[in-house]
$ cat structure_14.cif   # mmCIF, C-alpha atoms and all ligand atoms
data_entry
#
loop_
_atom_site.label_atom_id
_atom_site.label_comp_id
_atom_site.auth_asym_id
_atom_site.auth_seq_id
_atom_site.Cartn_x
_atom_site.Cartn_y
_atom_site.Cartn_z
CA ASN T 1 0.00 0.00 0.00
CA ASP T 2 1.35 3.41 -0.97
CA GLY T 3 -1.08 5.49 1.01
CA GLY T 4 -4.05 5.28 -1.28
CA HIS T 5 -2.38 6.18 -4.58
CA ASP T 6 -2.84 3.31 -6.96
CA ALA T 7 0.13 2.95 -9.27
CA LYS T 8 -1.15 2.11 -12.72
CA ASN T 9 0.40 0.77 -15.86
CA LEU T 10 -0.99 2.82 -18.70
CA ARG T 11 -0.28 2.78 -22.42
CA VAL T 12 -0.48 5.09 -25.39
CA LYS T 13 -0.64 3.79 -28.96
CA LEU T 14 1.06 6.40 -31.11
CA VAL T 15 1.78 6.71 -34.84
CA LEU T 16 4.22 9.05 -36.59
CA LEU T 17 3.38 10.28 -40.08
CA GLY T 18 5.11 12.73 -42.42
CA ASP T 19 7.26 13.08 -45.50
CA SER T 20 10.38 10.98 -45.97
CA GLY T 21 13.44 12.62 -44.42
CA VAL T 22 11.67 14.88 -41.91
CA GLY T 23 13.21 12.93 -39.02
CA LYS T 24 10.46 10.65 -37.71
CA SER T 25 12.81 7.74 -37.04
CA CYS T 26 15.38 10.07 -35.45
CA ILE T 27 12.73 11.49 -33.11
CA VAL T 28 11.80 7.97 -32.00
CA LEU T 29 15.45 6.92 -31.63
CA ARG T 30 16.12 10.01 -29.52
CA PHE T 31 13.12 9.32 -27.29
CA VAL T 32 13.67 5.57 -26.91
CA ARG T 33 17.49 5.30 -26.84
CA GLY T 34 18.70 8.86 -26.28
CA GLN T 35 20.73 8.70 -29.47
CA PHE T 36 20.95 10.53 -32.80
CA ASP T 37 21.95 8.85 -36.04
CA PRO T 38 23.09 11.33 -38.72
CA THR T 39 23.15 8.43 -41.22
CA SER T 40 19.60 7.23 -40.46
CA LYS T 41 18.26 4.93 -43.21
CA VAL T 42 14.84 5.41 -44.77
CA THR T 43 12.19 3.32 -43.07
CA VAL T 44 10.77 0.43 -45.08
CA GLY T 45 7.07 -0.23 -44.39
CA ALA T 46 7.04 0.76 -40.74
CA SER T 47 8.92 0.00 -37.56
CA PHE T 48 7.66 -0.56 -34.04
CA LEU T 49 9.36 0.56 -30.84
CA SER T 50 8.18 1.04 -27.30
CA GLN T 51 9.33 3.13 -24.40
CA THR T 52 8.01 3.20 -20.85
CA ILE T 53 8.25 6.29 -18.70
CA ALA T 54 7.54 6.56 -14.98
CA LEU T 55 5.40 9.37 -13.60
CA GLN T 56 5.90 10.84 -10.14
CA ASP T 57 3.24 8.70 -8.46
CA SER T 58 4.93 5.53 -9.82
CA THR T 59 2.35 5.16 -12.54
CA THR T 60 4.05 4.01 -15.73
CA VAL T 61 3.11 4.97 -19.26
CA LYS T 62 4.16 2.68 -22.08
CA PHE T 63 4.37 4.36 -25.48
CA GLU T 64 3.75 1.87 -28.28
CA ILE T 65 5.13 3.68 -31.29
CA TRP T 66 4.57 2.95 -34.97
CA ASP T 67 7.17 4.82 -37.00
CA THR T 68 5.79 4.80 -40.55
CA ALA T 69 7.71 5.10 -43.83
CA GLY T 70 7.34 8.52 -45.45
CA GLN T 71 8.24 7.52 -49.00
CA GLU T 72 5.30 7.82 -51.38
CA ARG T 73 5.32 4.12 -52.27
CA TYR T 74 4.31 3.27 -48.68
CA ALA T 75 1.48 5.82 -48.39
CA ALA T 76 -1.22 3.17 -48.82
CA LEU T 77 0.03 1.31 -45.73
CA ALA T 78 -0.54 4.25 -43.39
CA PRO T 79 -4.14 3.36 -42.41
CA LEU T 80 -2.90 0.05 -41.01
CA TYR T 81 -0.93 2.03 -38.45
CA TYR T 82 -3.09 5.07 -37.69
CA ARG T 83 -6.35 3.16 -37.35
CA GLY T 84 -5.66 1.74 -33.90
CA ALA T 85 -3.75 4.78 -32.70
CA ALA T 86 -4.84 7.06 -29.85
CA VAL T 87 -2.28 9.68 -30.87
CA ALA T 88 -1.01 10.74 -34.31
CA VAL T 89 2.18 12.80 -34.53
CA VAL T 90 2.48 14.56 -37.90
CA VAL T 91 6.02 15.71 -38.56
CA TYR T 92 7.51 18.21 -40.99
CA ASP T 93 10.99 19.69 -41.41
CA ILE T 94 11.19 23.45 -40.70
CA THR T 95 13.61 23.84 -43.65
CA SER T 96 11.13 22.27 -46.12
CA PRO T 97 7.87 23.94 -47.18
CA ASP T 98 7.06 20.79 -49.20
CA SER T 99 7.17 18.73 -46.04
CA PHE T 100 4.82 21.24 -44.37
CA SER T 101 2.34 20.77 -47.24
CA LYS T 102 2.70 17.01 -46.86
CA ALA T 103 1.96 17.32 -43.14
CA GLN T 104 -1.29 19.11 -44.01
CA TYR T 105 -2.18 16.27 -46.35
CA TRP T 106 -1.76 13.80 -43.48
CA VAL T 107 -3.85 15.91 -41.14
CA LYS T 108 -6.68 15.92 -43.70
CA GLU T 109 -6.38 12.17 -44.20
CA LEU T 110 -6.55 11.61 -40.43
CA GLN T 111 -9.59 13.88 -40.17
CA LYS T 112 -11.31 11.88 -42.91
CA HIS T 113 -10.28 8.34 -42.05
CA GLY T 114 -8.78 8.32 -38.56
CA SER T 115 -10.64 7.60 -35.36
CA PRO T 116 -12.86 10.61 -34.50
CA ASP T 117 -11.27 10.95 -31.06
CA ILE T 118 -7.65 10.64 -32.24
CA VAL T 119 -5.35 13.20 -30.59
CA MET T 120 -3.09 14.94 -33.11
CA ALA T 121 0.16 16.81 -32.79
CA LEU T 122 1.97 18.88 -35.40
CA VAL T 123 5.75 18.76 -35.03
CA GLY T 124 8.25 21.02 -36.79
CA ASN T 125 11.49 19.03 -36.54
CA LYS T 126 15.13 20.06 -37.25
CA ALA T 127 14.70 23.20 -35.16
CA ASP T 128 18.52 23.23 -34.83
CA LEU T 129 18.65 24.31 -38.51
CA ASN T 130 17.08 27.69 -37.73
CA GLU T 131 19.40 29.52 -40.16
CA LYS T 132 17.89 27.42 -42.98
CA ARG T 133 14.31 27.81 -41.77
CA GLU T 134 11.67 28.10 -44.51
CA VAL T 135 8.52 27.46 -42.45
CA ALA T 136 7.74 30.23 -39.95
CA VAL T 137 6.96 29.12 -36.40
CA GLN T 138 3.73 31.11 -36.60
CA ASP T 139 2.56 29.15 -39.66
CA GLY T 140 2.89 25.93 -37.66
CA ILE T 141 1.12 27.44 -34.65
CA ASP T 142 -1.74 28.79 -36.79
CA TYR T 143 -2.31 25.55 -38.70
CA ALA T 144 -2.25 23.48 -35.52
CA GLU T 145 -4.66 25.81 -33.77
CA LYS T 146 -7.14 25.70 -36.67
CA ASN T 147 -7.06 21.92 -36.59
CA ARG T 148 -7.11 21.51 -32.81
CA MET T 149 -3.69 19.92 -32.62
CA PHE T 150 -0.79 20.23 -30.23
CA PHE T 151 2.16 22.10 -31.74
CA ILE T 152 5.83 21.85 -30.90
CA GLU T 153 9.16 22.35 -32.64
CA THR T 154 11.78 19.70 -31.90
CA SER T 155 15.31 18.70 -32.73
CA ALA T 156 16.15 15.02 -32.72
CA LYS T 157 19.77 16.12 -33.19
CA THR T 158 20.05 18.25 -30.04
CA ALA T 159 17.18 16.47 -28.16
CA ASP T 160 15.37 19.78 -27.82
CA ASN T 161 11.67 19.25 -26.88
CA ILE T 162 11.72 15.50 -27.62
CA ASN T 163 10.67 14.36 -24.14
CA GLU T 164 8.27 17.32 -23.94
CA LEU T 165 6.59 16.12 -27.14
CA PHE T 166 5.80 12.70 -25.69
CA GLU T 167 4.87 14.07 -22.27
CA ASP T 168 2.02 15.97 -23.97
CA PHE T 169 0.26 12.64 -24.46
CA VAL T 170 0.45 11.21 -20.95
CA ASP T 171 -3.06 12.53 -20.30
CA TYR T 172 -4.40 10.34 -23.12
CA ALA T 173 -2.98 7.09 -21.77
CA THR T 174 -5.49 4.33 -21.08
P1 LIG V 1 11.46 8.01 -43.73
O1 LIG V 1 11.80 6.83 -42.89
O2 LIG V 1 11.92 7.85 -45.15
O3 LIG V 1 10.01 8.36 -43.67
O4 LIG V 1 12.28 9.30 -43.14
P2 LIG V 1 12.28 9.80 -41.61
O5 LIG V 1 11.24 10.85 -41.43
O6 LIG V 1 12.22 8.65 -40.67
O7 LIG V 1 13.71 10.54 -41.51
P3 LIG V 1 14.96 10.11 -40.62
O8 LIG V 1 14.61 10.09 -39.18
O9 LIG V 1 15.56 8.88 -41.17
O10 LIG V 1 15.94 11.37 -40.85
C1 LIG V 1 16.29 11.81 -42.14
C2 LIG V 1 17.55 12.66 -42.10
O11 LIG V 1 17.34 13.84 -41.34
C3 LIG V 1 18.75 11.95 -41.45
O12 LIG V 1 19.89 12.29 -42.22
C4 LIG V 1 18.84 12.57 -40.10
O13 LIG V 1 20.15 12.55 -39.61
C5 LIG V 1 18.32 13.98 -40.32
N1 LIG V 1 17.66 14.54 -39.12
C6 LIG V 1 16.65 13.99 -38.43
N2 LIG V 1 16.29 14.77 -37.40
C7 LIG V 1 17.08 15.85 -37.45
C8 LIG V 1 17.19 17.04 -36.66
O14 LIG V 1 16.47 17.27 -35.68
N3 LIG V 1 18.15 17.94 -37.03
C9 LIG V 1 18.97 17.75 -38.11
N4 LIG V 1 19.85 18.69 -38.38
N5 LIG V 1 18.88 16.64 -38.88
C10 LIG V 1 17.97 15.70 -38.56
MG MG V 2 12.04 6.66 -40.91
#

$ encode --input "structure_14.cif" --output "C-alpha cells"
Amino acid sequence: NDGGHDAKNLRVKLVLLGDSGVGKSCIVLRFVRGQFDPTSKVTVGASFLSQTIALQDSTTVKFEIWDTAGQERYAALAPLYYRGAAVAVVVYDITSPDSFSKAQYWVKELQKHGSPDIVMALVGNKADLNEKREVAVQDGIDYAEKNRMFFIETSAKTADNINELFEDFVDYAT
C-alpha cells in the first residue's frame, strides 16, 4: 500500500506520419534510446518501438510507437498504423515547405479516415537548422490551432523538446 495512490500501468498507442526525411525515425530513436543517427536509413514499411516512462506517483506509461515510412510508395500502408492509434504525430521539417504541405495532407487524411477521437500533434522538426528555416513558427502554430492539434518544434539532433513532445500525451494514456 502506498497510502491510497494506486500505481497504474498505462499505455499510449502512437503513430508518426510525415514526408520521408523529416526525421520521424530520429525522433523515435532520440526518445527511446537517447541517441541521434546522422546516417539514419529510410524506413521500409514501418517500424515498431516502445518506451516506458515513470510518472511521479509511480504510474508508468508505455508508449507503443509505430514509426511509418514517409516515402510515397508506402502511403497506402498508413491506415494500417493510424487506425488503432490514440495519438497521431504529424512531422515536418522546418527547412522544407514541401514537407509542411505534406503534413497538411496527413492531417486531412486523419480527419477523414482516422478515429474521430484521435489526438493529433503537429511537429516542426530540425529546429537546430534555424538559419535554414523556410517554415515560420507562426505558420505551424496557426495551422495546428485551426485543426485543434498540439504544436511543438523539436530537434532530434540536439534532443530539444523530444521528451516534452511525448509528455504531452500522458493525459491520453489508457
Ligand atoms: P522516412 O523513414 O523515409 O520516412 O524518413 P524519416 O522521417 O524517418 O527521416 P529520418 O529520421 O531517417 O531522418 C532523415 C535525415 O534527417 C537523417 O539524415 C537525419 O540525420 C536527419 N535529421 C533527423 N532529425 C534531425 C534534426 O532534428 N536535425 C537535423 N539537423 N537533422 C535531422
Ligand atoms: Mg524513418

$ residues_near_ligand --input "structure_14.cif" --ligand "ligand MG 2 (chain V)" --cutoff "8 Å" --atoms "only C-alpha atoms and all ligand atoms" --output "PyMOL selection string"
chain T and resi 20-21+23-26+40-44+46+67-70

$ residues_around --input "structure_14.cif" --residues "T:Asn161" --least-positions-apart "5" --cutoff "12 Å" --atoms "all atoms listed in the file" --output "PyMOL selection string"
chain T and resi 27+30-31+123-128+151-156+166-168

$ atom_distance --input "structure_14.cif" --atom1 "atom CA of T:Lys132" --atom2 "atom CA of T:Tyr74"
28.3 Å

$ axis_aligned_box --input "structure_14.cif" --around "ligand LIG 1 (chain V)" --padding-each-side "4 Å" --output "AutoDock Vina command-line options"
--center_x 15.1 --center_y 12.8 --center_z -40.4 --size_x 18.1 --size_y 19.9 --size_z 17.5

$ residues_around --input "structure_14.cif" --residues "stretch 48-62 of chain T" --least-positions-apart "5" --cutoff "6 Å" --atoms "only C-alpha atoms" --output "MDAnalysis selection string"
chainID T and resid 7:11 32

$ atom_distance --input "structure_14.cif" --atom1 "atom CA of T:Tyr172" --atom2 "atom CA of T:Val12"
6.9 Å

$ atom_distance --input "structure_14.cif" --atom1 "atom CA of T:Val119" --atom2 "atom CA of T:Leu14"
9.4 Å

$ closest_residue --input "structure_14.cif" --among "T:Glu145, T:Glu109, T:Asp117, T:Asp171" --to "T:Pro79" --atoms "all atoms listed in the file"
T:Glu109

$ residues_around --input "structure_14.cif" --residues "T:Ala121" --least-positions-apart "6" --cutoff "7 Å" --atoms "all atoms listed in the file" --output "PyMOL selection string"
chain T and resi 88-90+149-151

$ closest_residue --input "structure_14.cif" --among "T:Leu17, T:Leu110, T:Leu129, T:Leu29" --to "T:Tyr92" --atoms "only C-alpha atoms"
T:Leu17

$ closest_residue --input "structure_14.cif" --among "T:Thr158, T:Lys102, T:Ala75, T:Val107" --to "ligand LIG 1 (chain V)" --atoms "only C-alpha atoms and all ligand atoms"
T:Thr158

$ closest_residue --input "structure_14.cif" --among "T:Ile141, T:Val28, T:Ile65, T:Leu80" --to "ligand LIG 1 (chain V)" --atoms "only C-alpha atoms and all ligand atoms"
T:Val28

$ closest_residue --input "structure_14.cif" --among "T:Val91, T:Ala78, T:Val15, T:Ala144" --to "ligand LIG 1 (chain V)" --atoms "all atoms listed in the file"
T:Val91

$ decode --input "structure_14.cif" --residues "stretch 51-73 of chain T" --atoms "N, CA and C atoms" --output "mmCIF file, in the first residue's frame"
data_model
loop_
_atom_site.group_PDB
_atom_site.id
_atom_site.type_symbol
_atom_site.label_atom_id
_atom_site.label_comp_id
_atom_site.auth_asym_id
_atom_site.auth_seq_id
_atom_site.Cartn_x
_atom_site.Cartn_y
_atom_site.Cartn_z
ATOM 1 N N GLN T 51 8.567 2.491 -25.465
ATOM 2 C CA GLN T 51 9.329 3.130 -24.396
ATOM 3 C C GLN T 51 8.395 3.392 -23.226
ATOM 4 N N THR T 52 8.830 2.994 -22.046
ATOM 5 C CA THR T 52 8.012 3.202 -20.849
ATOM 6 C C THR T 52 8.619 4.308 -20.014
ATOM 7 N N ILE T 53 7.774 5.240 -19.601
ATOM 8 C CA ILE T 53 8.251 6.291 -18.702
ATOM 9 C C ILE T 53 7.495 6.182 -17.377
ATOM 10 N N ALA T 54 8.155 6.595 -16.306
ATOM 11 C CA ALA T 54 7.539 6.560 -14.978
ATOM 12 C C ALA T 54 7.104 7.964 -14.615
ATOM 13 N N LEU T 55 5.878 8.077 -14.104
ATOM 14 C CA LEU T 55 5.405 9.368 -13.604
ATOM 15 C C LEU T 55 5.725 9.458 -12.113
ATOM 16 N N GLN T 56 5.503 10.629 -11.526
ATOM 17 C CA GLN T 56 5.904 10.843 -10.136
ATOM 18 C C GLN T 56 5.224 9.918 -9.142
ATOM 19 N N ASP T 57 3.964 9.538 -9.421
ATOM 20 C CA ASP T 57 3.237 8.699 -8.459
ATOM 21 C C ASP T 57 3.463 7.218 -8.731
ATOM 22 N N SER T 58 4.525 6.885 -9.428
ATOM 23 C CA SER T 58 4.927 5.528 -9.815
ATOM 24 C C SER T 58 3.973 4.842 -10.788
ATOM 25 N N THR T 59 3.080 5.641 -11.356
ATOM 26 C CA THR T 59 2.346 5.165 -12.539
ATOM 27 C C THR T 59 3.342 5.088 -13.694
ATOM 28 N N THR T 60 3.206 4.065 -14.537
ATOM 29 C CA THR T 60 4.053 4.007 -15.730
ATOM 30 C C THR T 60 3.186 4.183 -16.976
ATOM 31 N N VAL T 61 3.785 4.800 -17.979
ATOM 32 C CA VAL T 61 3.107 4.972 -19.262
ATOM 33 C C VAL T 61 3.989 4.346 -20.334
ATOM 34 N N LYS T 62 3.426 3.351 -21.006
ATOM 35 C CA LYS T 62 4.161 2.682 -22.079
ATOM 36 C C LYS T 62 3.720 3.251 -23.420
ATOM 37 N N PHE T 63 4.653 3.866 -24.135
ATOM 38 C CA PHE T 63 4.366 4.359 -25.478
ATOM 39 C C PHE T 63 4.636 3.245 -26.478
ATOM 40 N N GLU T 64 3.608 2.867 -27.214
ATOM 41 C CA GLU T 64 3.748 1.868 -28.285
ATOM 42 C C GLU T 64 3.738 2.638 -29.597
ATOM 43 N N ILE T 65 4.903 2.707 -30.216
ATOM 44 C CA ILE T 65 5.133 3.676 -31.289
ATOM 45 C C ILE T 65 5.285 2.996 -32.650
ATOM 46 N N TRP T 66 4.417 3.359 -33.571
ATOM 47 C CA TRP T 66 4.567 2.952 -34.971
ATOM 48 C C TRP T 66 5.201 4.095 -35.744
ATOM 49 N N ASP T 67 6.413 3.846 -36.213
ATOM 50 C CA ASP T 67 7.172 4.817 -36.998
ATOM 51 C C ASP T 67 6.979 4.441 -38.465
ATOM 52 N N THR T 68 6.129 5.190 -39.172
ATOM 53 C CA THR T 68 5.793 4.797 -40.551
ATOM 54 C C THR T 68 6.854 5.280 -41.542
ATOM 55 N N ALA T 69 6.791 4.725 -42.755
ATOM 56 C CA ALA T 69 7.707 5.101 -43.828
ATOM 57 C C ALA T 69 7.100 6.254 -44.607
ATOM 58 N N GLY T 70 7.868 7.324 -44.796
ATOM 59 C CA GLY T 70 7.338 8.515 -45.449
ATOM 60 C C GLY T 70 7.378 8.479 -46.964
ATOM 61 N N GLN T 71 8.154 7.547 -47.538
ATOM 62 C CA GLN T 71 8.245 7.522 -48.995
ATOM 63 C C GLN T 71 6.872 7.208 -49.597
ATOM 64 N N GLU T 72 6.609 7.872 -50.743
ATOM 65 C CA GLU T 72 5.297 7.825 -51.380
ATOM 66 C C GLU T 72 4.810 6.385 -51.605
ATOM 67 N N ARG T 73 5.714 5.499 -51.949
ATOM 68 C CA ARG T 73 5.318 4.125 -52.271
ATOM 69 C C ARG T 73 4.681 3.402 -51.083
#
